[in-house]
Amino acid sequence: MLNHLDSLPAGFLDCSARDLHRLLPGPSLVHLPGERPETLFVSILQHGNEDTGLRAVQRLLTERRGRPLPRALSLFIGNVDAAREQQRRLDHQPDYNRCWPGTELPDSAETRMMTEVIAAMRERRLFASVDVHNTTGDNPRHACVNMLDDRCLQLARLFGRTVVHFTRPRGAQAQAFLGLCPAVILECGRVGDTRGVDQAHAYLQHCLRLDAVPDTPPARGDIDLFQSVALVQVPDAVRFRFGAGTGAEVDLALVPEIDRLNFRELPAGTPLGRVRGRHPPVRALAPSGTDVTDAYFAVDGGDLRLRRAVMPSLLTRDPRIVRQDCLCHLMERVVPAADHAA
């Protein structure tokens, strides 16, 4: 299933995500040499509708055409079939970014492929891992880490002030690489936002030229750190829509433009939608996997409301993404220990 390449196919630097299937038969791992052997691993198109990583890499390699890279680069090009259809994943596929070692998904061709990628990269001297994504809702560009490790936080800081720490869902690429090198996820805003491409391109350039990833904590005030405390899903049996009212046809009518609530610290009691029943029609899972729905949601007067103050991220108005992934994460601000003592 995985193609191993030592060079990019002709036409790659000018190819759209939608047309990559004409050049690559499927997911591909491409190793490009550089002046330093310590390899930067970059994964793109794990979700076929998220092309910022591809565009940033294409710009980077076009600029370096005819000149060696500052360090070796291994490029994982993910869901080519879904990219052809401009979808996150196809209906018969698992989510590629849930298939890496540590996944809770059953064994499949995709989980075996990701194990193969890890085995191949374990043979190389790794510098860092960068996984590039887009968001479908209104979110600021931000970085994510799966471990509160100083080197991971330093990598995240290079992308911007806003950093999110999460450990669920399991099976993410960055989680799998933590035993090999520092790893970071870049959330580059909506597809088509050229500012996200610019920022990802500049970030990858910086990583290629960086002598070392600092192993000291980021300076106080350098980052705004948030911890995901719950992953919120809409169960398959729940019928939902975006817009006013409920009616007999849906169980949950989420507020219009709900993604405008992303990265806003919302007080307890904030309404998120109208419901038909007496119980929250969503499910919230703590990082441990424990159901914590009742700790974060309540139904009051037909409204689905927050039971406590939290900050959502990754809220989207795309019902397909809600079904394939989640409704949102709920986060709380991480206050440095020094601030607690102040």
# chains A, B, ... in the order shown; residues from 1 in each chain; ligands from 1
call {"tool": "residues_around", "arguments": {"residues": "Arg333 in chain A", "least_positions_apart": "6", "cutoff": "10 Å", "atoms": "only C-alpha atoms", "output": "list in words"}}
result
Val164, Asp224, Leu225, Phe226, Gln227, Ser228, Glu265, Val310 and Met311 of chain A
call {"tool": "write_last_selection", "arguments": {"atoms": "C-alpha atoms", "output": "PDB file, in the first residue's frame"}}
result
ATOM      1  CA  VAL A 164      -2.955  23.142  22.319  1.00  0.00           C
ATOM      2  CA  ASP A 224      -0.631  30.651  25.393  1.00  0.00           C
ATOM      3  CA  LEU A 225      -1.069  26.993  26.320  1.00  0.00           C
ATOM      4  CA  PHE A 226      -4.412  25.193  26.386  1.00  0.00           C
ATOM      5  CA  GLN A 227      -5.226  21.634  27.466  1.00  0.00           C
ATOM      6  CA  SER A 228      -7.931  19.581  25.782  1.00  0.00           C
ATOM      7  CA  GLU A 265     -13.436  31.358  26.788  1.00  0.00           C
ATOM      8  CA  VAL A 310     -14.459  26.112  28.870  1.00  0.00           C
ATOM      9  CA  MET A 311     -12.961  27.102  25.526  1.00  0.00           C
TER      10      MET A 311
END
call {"tool": "residues_around", "arguments": {"residues": "range 13-22 of chain A", "least_positions_apart": "6", "cutoff": "12 Å", "atoms": "only C-alpha atoms", "output": "PyMOL selection string"}}
result
chain A and resi 7+28+44-65+77-87+191
call {"tool": "select_by_dssp", "arguments": {"residues": "range 25-145 of chain A", "states": "helix (DSSP H, G or I)", "output": "number ranges by chain"}}
result
A: 52-63, 80-84, 96-98, 109-122
call {"tool": "select_by_dssp", "arguments": {"residues": "range 25-148 of chain A", "states": "strand (DSSP E or B)", "output": "MDAnalysis selection string"}}
result
chainID A and resid 28:32 34:44 69:77 126:133 142:145
call {"tool": "atom_distance", "arguments": {"atom1": "CA of His206 in chain A", "atom2": "CA of Thr39 in chain A"}}
result
13.6 Å
call {"tool": "residues_around", "arguments": {"residues": "Leu186 in chain A", "least_positions_apart": "6", "cutoff": "7 Å", "atoms": "only C-alpha atoms", "output": "ChimeraX atom specification"}}
result
/A:131-133,142-144
call {"tool": "write_last_selection", "arguments": {"atoms": "C-alpha atoms", "output": "short mmCIF file (atom, residue, chain, number, x, y, z; two decimals), in the first residue's frame"}}
result
data_model
loop_
_atom_site.label_atom_id
_atom_site.label_comp_id
_atom_site.auth_asym_id
_atom_site.auth_seq_id
_atom_site.Cartn_x
_atom_site.Cartn_y
_atom_site.Cartn_z
CA ASP A 131 2.25 17.17 10.59
CA VAL A 132 0.44 19.85 8.55
CA HIS A 133 -3.34 20.23 8.63
CA HIS A 142 -2.17 27.28 15.96
CA ALA A 143 0.12 24.40 16.87
CA CYS A 144 -0.70 21.24 18.81
#
call {"tool": "closest_residue", "arguments": {"among": "A:Leu8, A:Pro140, A:Ala200, A:Leu153", "to": "Val42 in chain A", "atoms": "only C-alpha atoms"}}
result
A:Ala200
call {"tool": "residues_around", "arguments": {"residues": "His279 in chain A", "least_positions_apart": "5", "cutoff": "10 Å", "atoms": "only C-alpha atoms", "output": "mmCIF file with C-alpha atoms, in the first residue's frame"}}
result
data_model
loop_
_atom_site.group_PDB
_atom_site.id
_atom_site.type_symbol
_atom_site.label_atom_id
_atom_site.label_comp_id
_atom_site.auth_asym_id
_atom_site.auth_seq_id
_atom_site.Cartn_x
_atom_site.Cartn_y
_atom_site.Cartn_z
ATOM 1 C CA THR A 293 -20.729 14.398 29.236
ATOM 2 C CA ASP A 294 -22.635 15.340 32.381
ATOM 3 C CA PHE A 297 -23.215 19.706 29.325
ATOM 4 C CA ALA A 298 -26.743 20.166 30.627
ATOM 5 C CA VAL A 299 -30.176 20.591 29.060
ATOM 6 C CA ASP A 300 -32.078 23.583 30.436
ATOM 7 C CA GLY A 302 -34.760 22.897 25.743
ATOM 8 C CA LEU A 304 -28.025 22.471 25.288
#
call {"tool": "residues_around", "arguments": {"residues": "Arg320 in chain A", "least_positions_apart": "4", "cutoff": "12 Å", "atoms": "only C-alpha atoms", "output": "PDB file with N, CA and C atoms, in the first residue's frame"}}
result
ATOM      1  N   GLN A  87     -12.115  15.219  -0.211  1.00  0.00           N
ATOM      2  CA  GLN A  87     -12.772  14.781   1.013  1.00  0.00           C
ATOM      3  C   GLN A  87     -11.733  14.497   2.088  1.00  0.00           C
ATOM      4  N   ARG A  88     -12.138  14.633   3.337  1.00  0.00           N
ATOM      5  CA  ARG A  88     -11.254  14.281   4.455  1.00  0.00           C
ATOM      6  C   ARG A  88     -10.808  12.832   4.331  1.00  0.00           C
ATOM      7  N   ARG A  89     -11.777  11.944   4.168  1.00  0.00           N
ATOM      8  CA  ARG A  89     -11.532  10.537   3.887  1.00  0.00           C
ATOM      9  C   ARG A  89     -12.721  10.011   3.100  1.00  0.00           C
ATOM     10  N   LEU A  90     -12.530   8.921   2.395  1.00  0.00           N
ATOM     11  CA  LEU A  90     -13.641   8.282   1.698  1.00  0.00           C
ATOM     12  C   LEU A  90     -14.425   7.409   2.677  1.00  0.00           C
ATOM     13  N   ASP A  91     -15.667   7.132   2.336  1.00  0.00           N
ATOM     14  CA  ASP A  91     -16.548   6.451   3.284  1.00  0.00           C
ATOM     15  C   ASP A  91     -16.019   5.088   3.718  1.00  0.00           C
ATOM     16  N   THR A 136     -11.693  23.102   9.231  1.00  0.00           N
ATOM     17  CA  THR A 136     -12.857  23.435   8.403  1.00  0.00           C
ATOM     18  C   THR A 136     -13.684  24.567   9.000  1.00  0.00           C
ATOM     19  N   VAL A 234     -20.916  13.750  18.258  1.00  0.00           N
ATOM     20  CA  VAL A 234     -22.356  13.597  18.088  1.00  0.00           C
ATOM     21  C   VAL A 234     -22.609  12.138  17.725  1.00  0.00           C
ATOM     22  N   ASP A 236     -23.946   8.627  16.324  1.00  0.00           N
ATOM     23  CA  ASP A 236     -24.528   8.347  15.006  1.00  0.00           C
ATOM     24  C   ASP A 236     -26.052   8.392  15.033  1.00  0.00           C
ATOM     25  N   PHE A 240     -28.970  15.804  13.580  1.00  0.00           N
ATOM     26  CA  PHE A 240     -28.638  17.187  13.926  1.00  0.00           C
ATOM     27  C   PHE A 240     -28.582  18.051  12.680  1.00  0.00           C
ATOM     28  N   ARG A 241     -28.618  19.353  12.921  1.00  0.00           N
ATOM     29  CA  ARG A 241     -28.446  20.319  11.844  1.00  0.00           C
ATOM     30  C   ARG A 241     -27.923  21.610  12.463  1.00  0.00           C
ATOM     31  N   THR A 316     -17.029  23.089  13.845  1.00  0.00           N
ATOM     32  CA  THR A 316     -17.192  23.226  12.408  1.00  0.00           C
ATOM     33  C   THR A 316     -18.669  23.245  12.063  1.00  0.00           C
ATOM     34  N   GLN A 324     -17.452  12.363  10.664  1.00  0.00           N
ATOM     35  CA  GLN A 324     -16.204  11.630  10.458  1.00  0.00           C
ATOM     36  C   GLN A 324     -15.204  11.845  11.577  1.00  0.00           C
ATOM     37  N   ASP A 325     -15.294  12.975  12.282  1.00  0.00           N
ATOM     38  CA  ASP A 325     -14.282  13.292  13.285  1.00  0.00           C
ATOM     39  C   ASP A 325     -14.947  13.602  14.623  1.00  0.00           C
ATOM     40  N   CYS A 326     -15.318  14.832  14.845  1.00  0.00           N
ATOM     41  CA  CYS A 326     -15.915  15.230  16.125  1.00  0.00           C
ATOM     42  C   CYS A 326     -16.619  16.565  15.943  1.00  0.00           C
ATOM     43  N   LEU A 327     -17.386  16.957  16.956  1.00  0.00           N
ATOM     44  CA  LEU A 327     -17.974  18.290  16.964  1.00  0.00           C
ATOM     45  C   LEU A 327     -16.942  19.323  17.395  1.00  0.00           C
TER      46      LEU A 327
END
call {"tool": "closest_residue", "arguments": {"among": "A:Ala172, A:Val197, A:Ala244, A:Leu148", "to": "Pro217 in chain A", "atoms": "only C-alpha atoms"}}
result
A:Leu148
call {"tool": "closest_residue", "arguments": {"among": "A:Thr115, A:Gln233, A:Thr162, A:Ser43", "to": "Pro280 in chain A", "atoms": "only C-alpha atoms"}}
result
A:Gln233
call {"tool": "atom_distance", "arguments": {"atom1": "CA of Gln205 in chain A", "atom2": "CA of Cys188 in chain A"}}
result
15.6 Å
call {"tool": "atom_distance", "arguments": {"atom1": "CA of Pro182 in chain A", "atom2": "CA of Asn134 in chain A"}}
result
20.7 Å
call {"tool": "residues_around", "arguments": {"residues": "Thr216 in chain A", "least_positions_apart": "5", "cutoff": "12 Å", "atoms": "only C-alpha atoms", "output": "short mmCIF file (atom, residue, chain, number, x, y, z; two decimals) with C-alpha atoms, in the first residue's frame"}}
result
data_model
loop_
_atom_site.label_atom_id
_atom_site.label_comp_id
_atom_site.auth_asym_id
_atom_site.auth_seq_id
_atom_site.Cartn_x
_atom_site.Cartn_y
_atom_site.Cartn_z
CA LEU A 148 4.16 18.58 27.40
CA ASP A 149 7.78 18.06 26.47
CA ASP A 150 10.09 21.08 26.27
CA ARG A 151 11.31 20.29 22.76
CA CYS A 152 7.76 19.77 21.47
CA LEU A 153 6.67 23.05 23.04
CA GLN A 154 9.65 24.84 21.50
CA LEU A 155 8.71 23.48 18.07
#
call {"tool": "residues_around", "arguments": {"residues": "Ala174 in chain A", "least_positions_apart": "3", "cutoff": "8 Å", "atoms": "only C-alpha atoms", "output": "compact mmCIF listing (two decimals) with C-alpha atoms, in the first residue's frame"}}
result
# COMPACT_ATOMS: atom_id res chain seq x y z
CA SER A 129 8.34 15.63 12.91
CA VAL A 130 5.82 18.14 11.51
CA ASP A 131 2.25 17.17 10.59
CA VAL A 145 1.45 18.85 20.83
CA ASN A 146 0.68 15.44 22.29
CA PHE A 177 6.67 9.84 16.58
CA LEU A 178 7.17 10.97 20.19
CA ALA A 183 6.74 16.23 17.11
CA VAL A 184 4.23 18.99 16.40
CA ILE A 185 0.95 19.44 14.52
call {"tool": "closest_residue", "arguments": {"among": "A:Val213, A:Met147, A:Ala10, A:Ala253", "to": "Leu126 in chain A", "atoms": "only C-alpha atoms"}}
result
A:Val213
